[in-house]
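See structure below.
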Amino acid sequence: MHSIVNEGVDTIFGYPGGAIMPVFDALFDFDKQINHILTRHEQGATHAAQGYARVSGKVGVCLVTSGPAATNAITGIGDALMDSTPLVVITGQVGAALLGTDAFQEIDVVGITQPITKWAYQIRRAEDIAWAVARAFYIARSGRPGPVVLDFAKNAQLEEVEFEYKPCTYIRSYNPVPEVNPDQIALAAQLINQAKRPFALVGQGVILSNAEKELKAFLEKADIPAAWTLLGASAMPSDFRLNKGFLGMHGNVAPNMKTNECDVLIAIGMRFDDRVTGDLKTYAKQARIVHLDIDPSEIGKNIKPDAPVLGSAVETLPAITELLHKATHTEWIDSFKEYEKIEFEKVIQREVHPTTGEITMGEVIHKVSEATQNKAILVTDVGQNQMMAARYFKYSETRSMVTSGGLGTMGFGLPAAIGAKMGAPHRTVCTFCGDGGFQMTIQELGTIMQEQIGVKMIILNNHFLGMVRQWQEMFFEERYSFTEMQNPDFIAIAKAYRIDGSEVHTRQELDGAIADMLKDDKPYLLVVNVEKKGMVFPMIPSGTCVTNILLGD
Amino acid sequence: MENTLYTITVFSENTVGLLNQITIIFTRRALNIETLSVSPSAIKGIHKFTITLYTTHDMVVKVVQQIDKRVDILKSYYNTDEGLVFQEIALYKVATDKLLGLGSIESLIRNHHIHILEMNENFVVFEKTGHYDETQQLFKELSDSVGVLQFIRSGRVAITKSKVERLSDMLESMRKFEKNE
């Protein structure tokens with residue numbers, strides 16, 4: 001416990017059990033320094049820790065027991081690896097003498113988690129605790145962040161040792177932040193200076209390295225339009241002049257089309273995920289590619305850059321900016337408008353501003369965002385709700401979007417929102433979930449009740465697993481195999497947890513219900529019955545060219 | 001794309017579970033390890049893995065980057081055969097009576113530079129070092145003539161021909177860094 005306090009931890013998400021009881025017993029005496037949130041499931045604890053880490057920039061900490069608790073935590077650990085979220089997950093383990101004997105609630109946690117962690121280590125002796133904890137926090141938060149698992153054998157929890165805590169700042173086999181290479185900077189700057197139609201792709205790397213200001217200066221100096229990946233959302237304010245929207249499968253038309261029209265493509269802290277690129281063989285072939293990343297293994301993994309730039313964006317961006325000529329690309333930037341107009345007319349108009357018919361997902365998200373003056377933190381689940389929210393929610397601050405991007409974990413939204421609210425208690429946190437995903441981790445309503453965490457939950461209820469249904473309609477001849485859901489009375493469930501809420505069926509009720517939800521800082525569940533067969537457009541069908549955009553018209 | 005035999009060299013800390021950390025990278029990409037050899041390196045506390053596999057250049061680059069990324073790995077790089085001096089060792093157990101039945105074995109021993117490690121009334125153990133083709137050739141000759149009771153070949157061990165000593169250079173720069181800290 002002293003080790004954890006020394007790392008500045010003040011919040012832990014956990015669930016006690018046999019093999020971690022000595023640590024929980026110690027935690028009992030630390031209630032002034034550490035706020036422990038008892039979730040209702042270990043998966044919930046990991047997602048909550050992720051939400052906490054993503055909005056606060058601190059390391060999320062989980063404390064769970066051995067065996068099934070550790071396996072329950074796997075989803076969140078894997079999710080955190082895919083989305084570069086700093087986590088330290090401490091799992092209990094049977095005593096060292098019992099290891100390998102199939103003891104009660106024993107499982108090979110290190111073996112299971114090695115493929116999905118930055119580092120996994122088993123603490124078998126109390127002498128190693130201070131060292132291992134220091135190392136775990138250092139690894140989790142440094143460089144490209146990620147999850148670390150400490151598997152804590154029970155005997156080591158009980159042994160007493162002389163305690164001396166030294167924070168870890170260096171591991172000889174680990175180089176978290178590559179040194180900035182002036183030649184790479186010069187080459188990147190040269191390519192950008194020569195560009196007539198430069199275009200920047202902004203990933204989460206900008207947020208993780210706190211380089212939002214540096215990004216803005218970079219874009220403004222050379223007048224470069226920029227778009228963001230799902231996890232790069234909120235790195236630029238929504239109303240920033242050069243912010244050209246959301247990339248990828250359900251992104252905006254203009255940035256996807258312009259990817260294949262630009263002459264220099266500058267990727268900043270993003271990894272050319274297949275949901276962004278579509279078919280790599282037809283992706284940005286006309287462009288010279290500049291790729292800034294902190295992780296050398298991302299360079300050339302999917303796209304071979306002409307100018308790789310290794311390092312932290314907070315260092316590399318200003319170094320490049322310094323070498324840039326002031327430029328204007330008015331004509332190029334104006335050319336985005338044509339596609340923006342098409343998208344507005346064919347998609348946004350009817351999704352966000354419908355006047356007749358059933359309620360659409362887009363209009364709910366738009367209204368909630370406006371009602372918070374675009375200042376809230378958005379947390380999403382996975383599926384249509386997530387893509388709609390990414391498209392229509394707006395941001396004025398960084399670290400305002402928490403979503404499961406890489407792993408695409410349904411059930412992420414509710415527990416992640418708990419963590420987000422803990423990590424940013426003075427901000428409004430809105431989580432949009434589908435009726436499917438909400439029920440995957442619905443037990444966390446118990447956590448919200450017990451801690452009175454003021455999360456604003458919005459279920460976009462279409463009685464379907466909507467994204468799968470959309471694919472079935474488009475690609476599987478409308479064979480709706482097991483995607484329709486009979487749902488419970490969500491409001492009655494919330495009521496059982498003593499959480500306020502309301503259910504909306506018509507457009508006229510919507511504004512009033514949103515205002516009621518946002519009137520105070522208490523937890524609230526808003527169920528909006530939206531059109532059953534809503535579709536997310538635009539859409540680039542999986543594995544096709546980034547300009548092959550369906551508008552659903 | 002044509003598959004080539006690549007040799008990956010990995011220097012690591014000597015910690016539990018390291019081999020697993022490396023093999024999961026091959027597993028994820030459905031790559032087969034041809035040979036694997038692990039031993040302590042010349043530097044105390046640092047282990048050296050030599051791994052061979054058939055794959056494309058593009059793939060070996062990505063695999064090496066992902067191995068290098070692991071926290072406990074000091075350095076990882078790859079070579080083709082042209083860049084290496086490499087060797088394997090093979091042991092052959094053959095029945096003594098059959099061997100004696102050949103009459104003379106002098107030419108066999110001379111041609112293949114065989115070492116005899118053990119000889120008794122039941123069996124003889126030969127040792128041969130060489131490239132895969134060479135140890136395989138002897139295996140074939142023995143199988144065809146006297147039969148082989150047991151056969152084992154080690155993984156490859158290799159030394160680079162390059163003038164740059166990547167690990168030593170890296171450790172040198174680390175020492176400088178540690179001093180500055």
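Each chain of the structure tokens is named A, B, ... in the order shown, its residues numbered from 1; ligands are numbered from 1 in display order.
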
Q) Using only C-alpha atoms, which chain B residues lie at most 12 Å away from chain A, written as a ChimeraX atom specification? A) /B:10-28,46,58-76,167,170-178,180-181

(Q) Which residues are near Ile105 in chain B? Cut-off 12 Å, only C-alpha atoms, ignore same chain within fewer than 2 positions. Put them as JSON, numbers by chain. (A) {"B": [96, 98, 99, 100, 101, 102, 103, 107, 108, 109, 110, 111, 112, 113, 114, 116, 126, 142, 145, 146]}

Q) Residues of range 57-133 of chain B in strand (DSSP E) according to DSSP, as a ChimeraX atom specification? A) /B:73-80,84-95,115-119,123-130

Q | Distance of CA of Gly92 in chain A from CA of Asp151 in chain A, expressed in Å to one decimal place | A | 6.0 Å

Q) So which one's closest to Lys48 in chain B, B:Asn122, B:Glu88, B:Ile159, B:Lys140? Using only C-alpha atoms, please. A)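 Closest to Lys48 in chain B of all the choices is B:Ile159.
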
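The spacing separating CA of Lys341 in chain A from CA of His329 in chain A amounts to 19.6 Å.
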
Q) Near range 452-461 of chain A, within 7 Å and counting only C-alpha atoms, which residues show up once chain neighbours fewer than 6 positions away are dropped, as a ChimeraX atom specification? A) /A:361,385,417-418,421,429-435,517,521-530

Mind dumping the selected residues with C-alpha atoms as a PDB file, in the first residue's frame?
```
ATOM      1  CA  MET A 361     -29.659   8.542 -32.767  1.00  0.00           C
ATOM      2  CA  ASN A 385     -24.146   4.474 -30.596  1.00  0.00           C
ATOM      3  CA  ALA A 417     -18.149   6.504 -17.526  1.00  0.00           C
ATOM      4  CA  ILE A 418     -17.880   5.752 -13.798  1.00  0.00           C
ATOM      5  CA  LYS A 421     -16.503  10.902 -13.655  1.00  0.00           C
ATOM      6  CA  VAL A 429     -19.936  12.923 -18.168  1.00  0.00           C
ATOM      7  CA  CYS A 430     -22.422  11.585 -20.714  1.00  0.00           C
ATOM      8  CA  THR A 431     -22.305   7.977 -21.771  1.00  0.00           C
ATOM      9  CA  PHE A 432     -24.174   6.795 -24.835  1.00  0.00           C
ATOM     10  CA  CYS A 433     -24.913   3.091 -24.909  1.00  0.00           C
ATOM     11  CA  GLY A 434     -26.977   0.830 -27.050  1.00  0.00           C
ATOM     12  CA  ASP A 435     -29.556  -1.434 -25.460  1.00  0.00           C
ATOM     13  CA  MET A 517     -31.117  14.893 -16.897  1.00  0.00           C
ATOM     14  CA  ASP A 521     -24.861  16.396 -10.819  1.00  0.00           C
ATOM     15  CA  LYS A 522     -26.682  13.214  -9.844  1.00  0.00           C
ATOM     16  CA  PRO A 523     -26.734   9.937 -11.755  1.00  0.00           C
ATOM     17  CA  TYR A 524     -29.500   9.788 -14.334  1.00  0.00           C
ATOM     18  CA  LEU A 525     -30.686   7.291 -16.907  1.00  0.00           C
ATOM     19  CA  LEU A 526     -32.321   8.555 -20.065  1.00  0.00           C
ATOM     20  CA  VAL A 527     -33.811   5.905 -22.325  1.00  0.00           C
ATOM     21  CA  VAL A 528     -34.554   7.163 -25.805  1.00  0.00           C
ATOM     22  CA  ASN A 529     -36.497   4.878 -28.085  1.00  0.00           C
ATOM     23  CA  VAL A 530     -34.974   5.585 -31.452  1.00  0.00           C
TER      24      VAL A 530
END
```

Q: Name all residues at most 9 Å from Thr11 in chain A (count only C-alpha atoms; drop same-chain ones fewer than 6 positions away) and give them as a list in words.
A: Gln33, Ile34, Asn35, His36, Ile37, Ala49, Tyr52, Gly60, Val61, Met422 and Gly423 of chain A

Q | A:Arg479, A:His2, A:Arg197, A:His41 ranked by distance to Val133 in chain A, top pick (using only C-alpha atoms) | A |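 Closest to Val133 in chain A, using only C-alpha atoms: A:His2.
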
Q: Just the residues within 9 Å of Arg40 in chain A, please, counting only C-alpha atoms, with nothing from its chain fewer than 6 positions along; format it as a PyMOL selection string.
A: chain A and resi 14-15+441+443-447

Any chance you could export the current selection's N, CA and C atoms as a tab-separated table (two decimals), in the first residue's frame?
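selection.tsv was written with the following content:
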```
chain	number	residue	atom	x	y	z
A	14	GLY	N	-11.71	-1.81	-7.60
A	14	GLY	CA	-11.38	-3.18	-7.25
A	14	GLY	C	-12.54	-4.01	-6.76
A	15	TYR	N	-12.16	-5.22	-6.40
A	15	TYR	CA	-13.12	-6.21	-5.93
A	15	TYR	C	-12.34	-7.21	-5.09
A	441	THR	N	-22.90	-4.79	-19.02
A	441	THR	CA	-22.28	-4.41	-17.75
A	441	THR	C	-23.26	-3.63	-16.87
A	443	GLN	N	-24.73	-4.35	-14.34
A	443	GLN	CA	-24.56	-4.49	-12.89
A	443	GLN	C	-23.84	-3.30	-12.26
A	444	GLU	N	-23.12	-2.51	-13.09
A	444	GLU	CA	-22.39	-1.38	-12.53
A	444	GLU	C	-23.32	-0.25	-12.06
A	445	LEU	N	-24.60	-0.36	-12.36
A	445	LEU	CA	-25.56	0.57	-11.75
A	445	LEU	C	-25.44	0.49	-10.23
A	446	GLY	N	-25.08	-0.67	-9.73
A	446	GLY	CA	-24.89	-0.84	-8.29
A	446	GLY	C	-23.76	0.03	-7.78
A	447	THR	N	-22.67	0.10	-8.55
A	447	THR	CA	-21.53	0.95	-8.17
A	447	THR	C	-21.96	2.41	-8.15
```

**Q.** Close residues, range 541-547 of chain A itself excluded, 6 Å, only C-alpha atoms, min 6 positions apart in chain, as a ChimeraX atom specification
**A.** /A:256-257,278-279,282

Q: Can you work out which one of A:Gln450, A:Ile377, A:Ile342, A:Gln508 has the shortest atom-to-atom distance to Leu550 in chain A, counting only C-alpha atoms?
A: A:Ile342

To test your reading of the structure, identify every residue in range 341-383 of chain A that backbone DSSP assigns to helix (DSSP H, G or I), and report it as a PDB file with N, CA and C atoms, in the first residue's frame.
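Saved file out-v9.pdb follows:
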```pdb
ATOM      1  N   LYS A 341     -20.696  19.712 -47.978  1.00  0.00           N
ATOM      2  CA  LYS A 341     -22.044  20.064 -48.414  1.00  0.00           C
ATOM      3  C   LYS A 341     -22.816  18.792 -48.794  1.00  0.00           C
ATOM      4  N   ILE A 342     -22.164  17.930 -49.548  1.00  0.00           N
ATOM      5  CA  ILE A 342     -22.817  16.678 -49.953  1.00  0.00           C
ATOM      6  C   ILE A 342     -23.221  15.874 -48.722  1.00  0.00           C
ATOM      7  N   GLU A 343     -22.274  15.767 -47.772  1.00  0.00           N
ATOM      8  CA  GLU A 343     -22.562  14.976 -46.576  1.00  0.00           C
ATOM      9  C   GLU A 343     -23.701  15.592 -45.777  1.00  0.00           C
ATOM     10  N   PHE A 344     -23.698  16.906 -45.688  1.00  0.00           N
ATOM     11  CA  PHE A 344     -24.766  17.549 -44.925  1.00  0.00           C
ATOM     12  C   PHE A 344     -26.127  17.274 -45.567  1.00  0.00           C
ATOM     13  N   GLU A 345     -26.168  17.438 -46.861  1.00  0.00           N
ATOM     14  CA  GLU A 345     -27.455  17.281 -47.546  1.00  0.00           C
ATOM     15  C   GLU A 345     -27.951  15.844 -47.529  1.00  0.00           C
ATOM     16  N   LYS A 346     -27.027  14.909 -47.740  1.00  0.00           N
ATOM     17  CA  LYS A 346     -27.465  13.530 -47.904  1.00  0.00           C
ATOM     18  C   LYS A 346     -27.536  12.752 -46.594  1.00  0.00           C
ATOM     19  N   VAL A 347     -26.764  13.155 -45.597  1.00  0.00           N
ATOM     20  CA  VAL A 347     -26.707  12.365 -44.361  1.00  0.00           C
ATOM     21  C   VAL A 347     -27.102  13.185 -43.136  1.00  0.00           C
ATOM     22  N   ILE A 348     -26.394  14.259 -42.895  1.00  0.00           N
ATOM     23  CA  ILE A 348     -26.509  14.959 -41.608  1.00  0.00           C
ATOM     24  C   ILE A 348     -27.893  15.588 -41.438  1.00  0.00           C
ATOM     25  N   GLN A 349     -28.364  16.193 -42.511  1.00  0.00           N
ATOM     26  CA  GLN A 349     -29.662  16.852 -42.445  1.00  0.00           C
ATOM     27  C   GLN A 349     -30.731  15.916 -41.870  1.00  0.00           C
ATOM     28  N   ARG A 350     -30.844  14.727 -42.446  1.00  0.00           N
ATOM     29  CA  ARG A 350     -31.933  13.836 -42.018  1.00  0.00           C
ATOM     30  C   ARG A 350     -31.602  13.114 -40.707  1.00  0.00           C
ATOM     31  N   GLU A 351     -30.286  12.959 -40.379  1.00  0.00           N
ATOM     32  CA  GLU A 351     -29.927  12.245 -39.154  1.00  0.00           C
ATOM     33  C   GLU A 351     -30.015  13.169 -37.933  1.00  0.00           C
ATOM     34  N   VAL A 352     -29.590  14.407 -38.109  1.00  0.00           N
ATOM     35  CA  VAL A 352     -29.465  15.307 -36.955  1.00  0.00           C
ATOM     36  C   VAL A 352     -30.645  16.272 -36.838  1.00  0.00           C
ATOM     37  N   MET A 361     -30.771   8.502 -33.731  1.00  0.00           N
ATOM     38  CA  MET A 361     -29.659   8.542 -32.767  1.00  0.00           C
ATOM     39  C   MET A 361     -28.901   9.857 -32.860  1.00  0.00           C
ATOM     40  N   GLY A 362     -28.660  10.277 -34.102  1.00  0.00           N
ATOM     41  CA  GLY A 362     -27.869  11.490 -34.318  1.00  0.00           C
ATOM     42  C   GLY A 362     -28.478  12.709 -33.649  1.00  0.00           C
ATOM     43  N   GLU A 363     -29.786  12.825 -33.705  1.00  0.00           N
ATOM     44  CA  GLU A 363     -30.389  14.025 -33.127  1.00  0.00           C
ATOM     45  C   GLU A 363     -30.287  14.017 -31.603  1.00  0.00           C
ATOM     46  N   VAL A 364     -30.356  12.831 -31.003  1.00  0.00           N
ATOM     47  CA  VAL A 364     -30.219  12.760 -29.539  1.00  0.00           C
ATOM     48  C   VAL A 364     -28.823  13.225 -29.134  1.00  0.00           C
ATOM     49  N   ILE A 365     -27.836  12.696 -29.826  1.00  0.00           N
ATOM     50  CA  ILE A 365     -26.446  13.035 -29.491  1.00  0.00           C
ATOM     51  C   ILE A 365     -26.202  14.528 -29.684  1.00  0.00           C
ATOM     52  N   HIS A 366     -26.672  15.042 -30.799  1.00  0.00           N
ATOM     53  CA  HIS A 366     -26.509  16.465 -31.088  1.00  0.00           C
ATOM     54  C   HIS A 366     -27.149  17.321 -29.998  1.00  0.00           C
ATOM     55  N   LYS A 367     -28.360  16.953 -29.606  1.00  0.00           N
ATOM     56  CA  LYS A 367     -29.074  17.740 -28.591  1.00  0.00           C
ATOM     57  C   LYS A 367     -28.375  17.680 -27.234  1.00  0.00           C
ATOM     58  N   VAL A 368     -27.904  16.493 -26.860  1.00  0.00           N
ATOM     59  CA  VAL A 368     -27.221  16.368 -25.565  1.00  0.00           C
ATOM     60  C   VAL A 368     -25.943  17.194 -25.585  1.00  0.00           C
ATOM     61  N   SER A 369     -25.197  17.097 -26.679  1.00  0.00           N
ATOM     62  CA  SER A 369     -23.952  17.852 -26.801  1.00  0.00           C
ATOM     63  C   SER A 369     -24.228  19.354 -26.685  1.00  0.00           C
ATOM     64  N   GLU A 370     -25.238  19.827 -27.391  1.00  0.00           N
ATOM     65  CA  GLU A 370     -25.586  21.257 -27.335  1.00  0.00           C
ATOM     66  C   GLU A 370     -26.024  21.672 -25.937  1.00  0.00           C
ATOM     67  N   ALA A 371     -26.782  20.791 -25.281  1.00  0.00           N
ATOM     68  CA  ALA A 371     -27.278  21.118 -23.942  1.00  0.00           C
ATOM     69  C   ALA A 371     -26.145  21.238 -22.932  1.00  0.00           C
TER      70      ALA A 371
END
```

Q | Separation of CA of Arg275 in chain A from CA of Ser481 in chain A in Å | A |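 Atom-to-atom, CA of Ser481 in chain A and CA of Arg275 in chain A are spaced 24.0 Å apart.
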
Q | Nearest candidate to Leu138 in chain B (options B:Leu91, B:Leu5, B:Glu106, B:Leu84; using only C-alpha atoms) | A |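 With only C-alpha atoms as the atom set, the closest residue is B:Leu91.
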